[in-house]
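See structure below.
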Amino acid sequence: MSKWTAIVLANGLPCSQELTQNLLKTYPASIKLVLDGAMQYVRQYNILPDIWLGDFDHNLNTHAFLLEYPNLKLVHTPDQNYTDLEKALAWLQEQGFQQVHILWATGKRLDHTLNNVASIARLSNVFQKIVLYDDYSICFPLPKHFESYFAKGTIISLIPLGVVEGIVTKNLKYPLLNEKLILGYRNGNSNEVLEDGLVQISYNSGDLLMIVNKT
């Protein structure tokens, strides 16, 4: 079991079996951390959980799960000022984890979805890698200077959390040149990669998310 990589299974709408199993196979040595009520799905998805974290205010039979998974570690986080995902990320940071992959964090309640997405925005300097996946896209915070290879036509959105200033992009259909994005007023939705190759993005201040459309 790797100390440095975690797969977090949140309590939103479960993703497809295909996506879930592909991620588990990609990171076979990762720990599997399940948030509170999401434990009801682990048997269905054939997941062997390592950590069960939350305030445990659900209606699940905790004792039955502990009997079924005798090596399962419970982490009780009762603080109601934070969501289960926020508490999980704080716990992983304290334990020294470096990469976090989050599944099942969208869908169901819109307030939870928005907060889960926002929770990862400020963590680009905390974890080496933090990514949120669903069946339609992947989402991750951008460092101040980012570059990665993308195929021509890939749909990319740049989502500011608040105000992001000084954005410069290269190899996107709608380029930004030292520009500002403001959540709710000017977002960088549905941009497109111009040519196969590196996409480069830099910015001066703020928290910026990239969402890559899978289709």
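Within each chain, counting starts at residue 1; across the structure tokens, chains are named A, B, ... in the order shown, with ligands numbered 1 upward in that order.
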To test your reading of the structure, identify every residue in region 15-205 of chain A that backbone DSSP assigns to helix (DSSP H, G or I), and report it as a tab-separated table (two decimals) with C-alpha atoms, in the first residue's frame.
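And here is the file that came out, selection05.tsv:
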chain	number	residue	atom	x	y	z
A	17	GLN	CA	-17.93	0.94	-13.09
A	18	GLU	CA	-15.55	1.43	-16.02
A	19	LEU	CA	-14.13	4.73	-14.79
A	20	THR	CA	-13.90	3.56	-11.19
A	21	GLN	CA	-12.16	0.30	-12.04
A	22	ASN	CA	-9.79	1.97	-14.51
A	23	LEU	CA	-8.65	4.40	-11.82
A	24	LEU	CA	-8.20	1.59	-9.29
A	25	LYS	CA	-6.12	-0.36	-11.81
A	26	THR	CA	-4.05	2.71	-12.71
A	36	ASP	CA	-19.08	8.48	5.18
A	37	GLY	CA	-22.23	7.32	3.31
A	38	ALA	CA	-20.30	6.29	0.19
A	39	MET	CA	-19.46	3.06	2.00
A	40	GLN	CA	-22.80	1.67	0.81
A	41	TYR	CA	-21.38	1.40	-2.73
A	62	THR	CA	-21.00	0.52	10.96
A	63	HIS	CA	-20.49	-2.68	12.92
A	64	ALA	CA	-21.46	-4.83	9.92
A	65	PHE	CA	-18.94	-3.07	7.68
A	66	LEU	CA	-16.19	-3.51	10.26
A	67	LEU	CA	-16.93	-7.22	10.38
A	68	GLU	CA	-16.84	-7.45	6.58
A	84	ASP	CA	-16.30	15.37	4.58
A	85	LEU	CA	-14.15	16.00	1.51
A	86	GLU	CA	-12.50	19.04	3.11
A	87	LYS	CA	-11.78	16.97	6.22
A	88	ALA	CA	-10.43	14.10	4.13
A	89	LEU	CA	-8.05	16.39	2.24
A	90	ALA	CA	-6.84	17.92	5.51
A	91	TRP	CA	-6.25	14.45	6.96
A	92	LEU	CA	-4.36	13.31	3.85
A	93	GLN	CA	-2.20	16.42	4.00
A	94	GLU	CA	-1.39	15.73	7.67
A	95	GLN	CA	-0.42	12.15	6.81
A	110	LEU	CA	-25.63	20.82	-6.21
A	111	ASP	CA	-24.29	22.54	-3.08
A	112	HIS	CA	-22.05	19.54	-2.38
A	113	THR	CA	-20.86	19.41	-5.99
A	114	LEU	CA	-19.93	23.10	-6.03
A	115	ASN	CA	-18.16	22.90	-2.70
A	116	ASN	CA	-16.25	19.76	-3.70
A	117	VAL	CA	-14.99	21.43	-6.87
A	118	ALA	CA	-14.06	24.59	-4.99
A	119	SER	CA	-12.26	22.58	-2.29
A	120	ILE	CA	-9.53	21.44	-4.66
A	121	ALA	CA	-8.88	24.89	-6.14
Backbone-only DSSP, strand (DSSP E) members of region 23-106 of chain A, as number ranges by chain:
A: 31-35, 51-54, 73-76, 99-103
Those same residues, written as a PDB file, in the first residue's frame with N, CA and C atoms?
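Output saved as selection-v8.pdb:
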ATOM      1  N   ILE A  31      -4.032   3.983  -1.353  1.00  0.00           N
ATOM      2  CA  ILE A  31      -5.032   3.690  -0.337  1.00  0.00           C
ATOM      3  C   ILE A  31      -6.393   4.127  -0.869  1.00  0.00           C
ATOM      4  N   LYS A  32      -7.423   3.438  -0.420  1.00  0.00           N
ATOM      5  CA  LYS A  32      -8.790   3.767  -0.815  1.00  0.00           C
ATOM      6  C   LYS A  32      -9.497   4.362   0.397  1.00  0.00           C
ATOM      7  N   LEU A  33      -9.788   5.653   0.322  1.00  0.00           N
ATOM      8  CA  LEU A  33     -10.421   6.363   1.425  1.00  0.00           C
ATOM      9  C   LEU A  33     -11.868   6.647   1.045  1.00  0.00           C
ATOM     10  N   VAL A  34     -12.798   6.138   1.849  1.00  0.00           N
ATOM     11  CA  VAL A  34     -14.227   6.257   1.561  1.00  0.00           C
ATOM     12  C   VAL A  34     -14.843   7.273   2.516  1.00  0.00           C
ATOM     13  N   LEU A  35     -15.635   8.188   1.971  1.00  0.00           N
ATOM     14  CA  LEU A  35     -16.272   9.213   2.781  1.00  0.00           C
ATOM     15  C   LEU A  35     -17.653   8.771   3.229  1.00  0.00           C
ATOM     16  N   ILE A  51      -9.616   3.158   4.448  1.00  0.00           N
ATOM     17  CA  ILE A  51      -9.983   4.186   5.418  1.00  0.00           C
ATOM     18  C   ILE A  51     -11.449   4.544   5.224  1.00  0.00           C
ATOM     19  N   TRP A  52     -12.173   4.698   6.327  1.00  0.00           N
ATOM     20  CA  TRP A  52     -13.552   5.179   6.295  1.00  0.00           C
ATOM     21  C   TRP A  52     -13.591   6.435   7.151  1.00  0.00           C
ATOM     22  N   LEU A  53     -13.855   7.587   6.519  1.00  0.00           N
ATOM     23  CA  LEU A  53     -13.726   8.878   7.205  1.00  0.00           C
ATOM     24  C   LEU A  53     -15.026   9.647   7.147  1.00  0.00           C
ATOM     25  N   GLY A  54     -15.374  10.294   8.242  1.00  0.00           N
ATOM     26  CA  GLY A  54     -16.551  11.147   8.260  1.00  0.00           C
ATOM     27  C   GLY A  54     -17.060  11.375   9.661  1.00  0.00           C
ATOM     28  N   LYS A  73      -9.841   1.043   8.697  1.00  0.00           N
ATOM     29  CA  LYS A  73      -9.543   2.025   9.734  1.00  0.00           C
ATOM     30  C   LYS A  73     -10.594   3.121   9.710  1.00  0.00           C
ATOM     31  N   LEU A  74     -11.181   3.409  10.863  1.00  0.00           N
ATOM     32  CA  LEU A  74     -12.160   4.489  10.980  1.00  0.00           C
ATOM     33  C   LEU A  74     -11.450   5.768  11.410  1.00  0.00           C
ATOM     34  N   VAL A  75     -11.761   6.867  10.710  1.00  0.00           N
ATOM     35  CA  VAL A  75     -11.273   8.187  11.093  1.00  0.00           C
ATOM     36  C   VAL A  75     -12.488   9.063  11.341  1.00  0.00           C
ATOM     37  N   HIS A  76     -12.760   9.350  12.611  1.00  0.00           N
ATOM     38  CA  HIS A  76     -13.947  10.117  12.978  1.00  0.00           C
ATOM     39  C   HIS A  76     -13.625  11.604  12.914  1.00  0.00           C
ATOM     40  N   GLN A  99      -0.346  12.639  -3.731  1.00  0.00           N
ATOM     41  CA  GLN A  99      -1.277  12.625  -4.853  1.00  0.00           C
ATOM     42  C   GLN A  99      -2.647  12.173  -4.368  1.00  0.00           C
ATOM     43  N   VAL A 100      -3.686  12.868  -4.853  1.00  0.00           N
ATOM     44  CA  VAL A 100      -5.060  12.546  -4.465  1.00  0.00           C
ATOM     45  C   VAL A 100      -5.923  12.504  -5.714  1.00  0.00           C
ATOM     46  N   HIS A 101      -6.655  11.412  -5.880  1.00  0.00           N
ATOM     47  CA  HIS A 101      -7.566  11.223  -7.008  1.00  0.00           C
ATOM     48  C   HIS A 101      -8.968  11.040  -6.428  1.00  0.00           C
ATOM     49  N   ILE A 102      -9.905  11.899  -6.840  1.00  0.00           N
ATOM     50  CA  ILE A 102     -11.228  11.958  -6.220  1.00  0.00           C
ATOM     51  C   ILE A 102     -12.295  11.490  -7.201  1.00  0.00           C
ATOM     52  N   LEU A 103     -13.095  10.534  -6.777  1.00  0.00           N
ATOM     53  CA  LEU A 103     -14.219  10.008  -7.547  1.00  0.00           C
ATOM     54  C   LEU A 103     -15.518  10.242  -6.778  1.00  0.00           C
TER      55      LEU A 103
END
Of A:Gln80, A:Asn61, A:Leu208, A:Tyr45, the one nearest to Trp104 (chain A) when counting only C-alpha atoms is A:Tyr45
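You will find CA of Gly188 (chain A) at 11.0 Å from CA of Ile155 (chain A).
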Do you know which residues are at most 9 Å from Ser190 (chain A) counting only C-alpha atoms, after dropping those on the same chain fewer than 2 positions away, and could you put them as a VMD selection string? chain A and resid 155 to 158 188 192 213
CA of Pro175 (chain A) to CA of Gly197 (chain A) measures 15.3 Å
Restricting to only C-alpha atoms, whichever of A:Gly12, A:Gly162, A:Gly206, A:Gly153 is closest to Ser124 (chain A) is A:Gly206
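In terms of minimum interatomic distance to Leu13 (chain A), A:Thr106 ranks closest within A:Thr215, A:Thr106, A:Asn59, A:Gln44, counting only C-alpha atoms.
Non-sequential neighbours of Val163 (chain A) (distance at most 7 Å, separation of 2 or more positions within a chain, only C-alpha atoms) are Pro160, Leu161, Glu165, Leu181, Ile182, Leu183 and Gly206 of chain A.
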Neighbouring residues of Phe150 (chain A) were defined as those with any atom within 12 Å, considering only C-alpha atoms; residues of the same chain fewer than 6 positions away were excluded. Please report them as number ranges by chain. A: 156, 170-172, 192-200, 212-214
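Checking A:Leu60, A:Val131, A:Ala29, A:Ile201 one by one against Thr169 (chain A), counting only C-alpha atoms, you find the shortest gap at A:Ile201.
Between CA of Gly96 (chain A) and CA of Ser205 (chain A) lies a distance of 26.4 Å.
Of the residues listed (A:Tyr185, A:Tyr27, A:Tyr133, A:Tyr82), A:Tyr185 shows the shortest atom-to-atom separation from Val164 (chain A); distances use only C-alpha atoms.
Closest approach to Glu147 (chain A) from the set A:Arg109, A:Met210, A:Val8, A:Leu48 is made by A:Met210, with distances taken over only C-alpha atoms.
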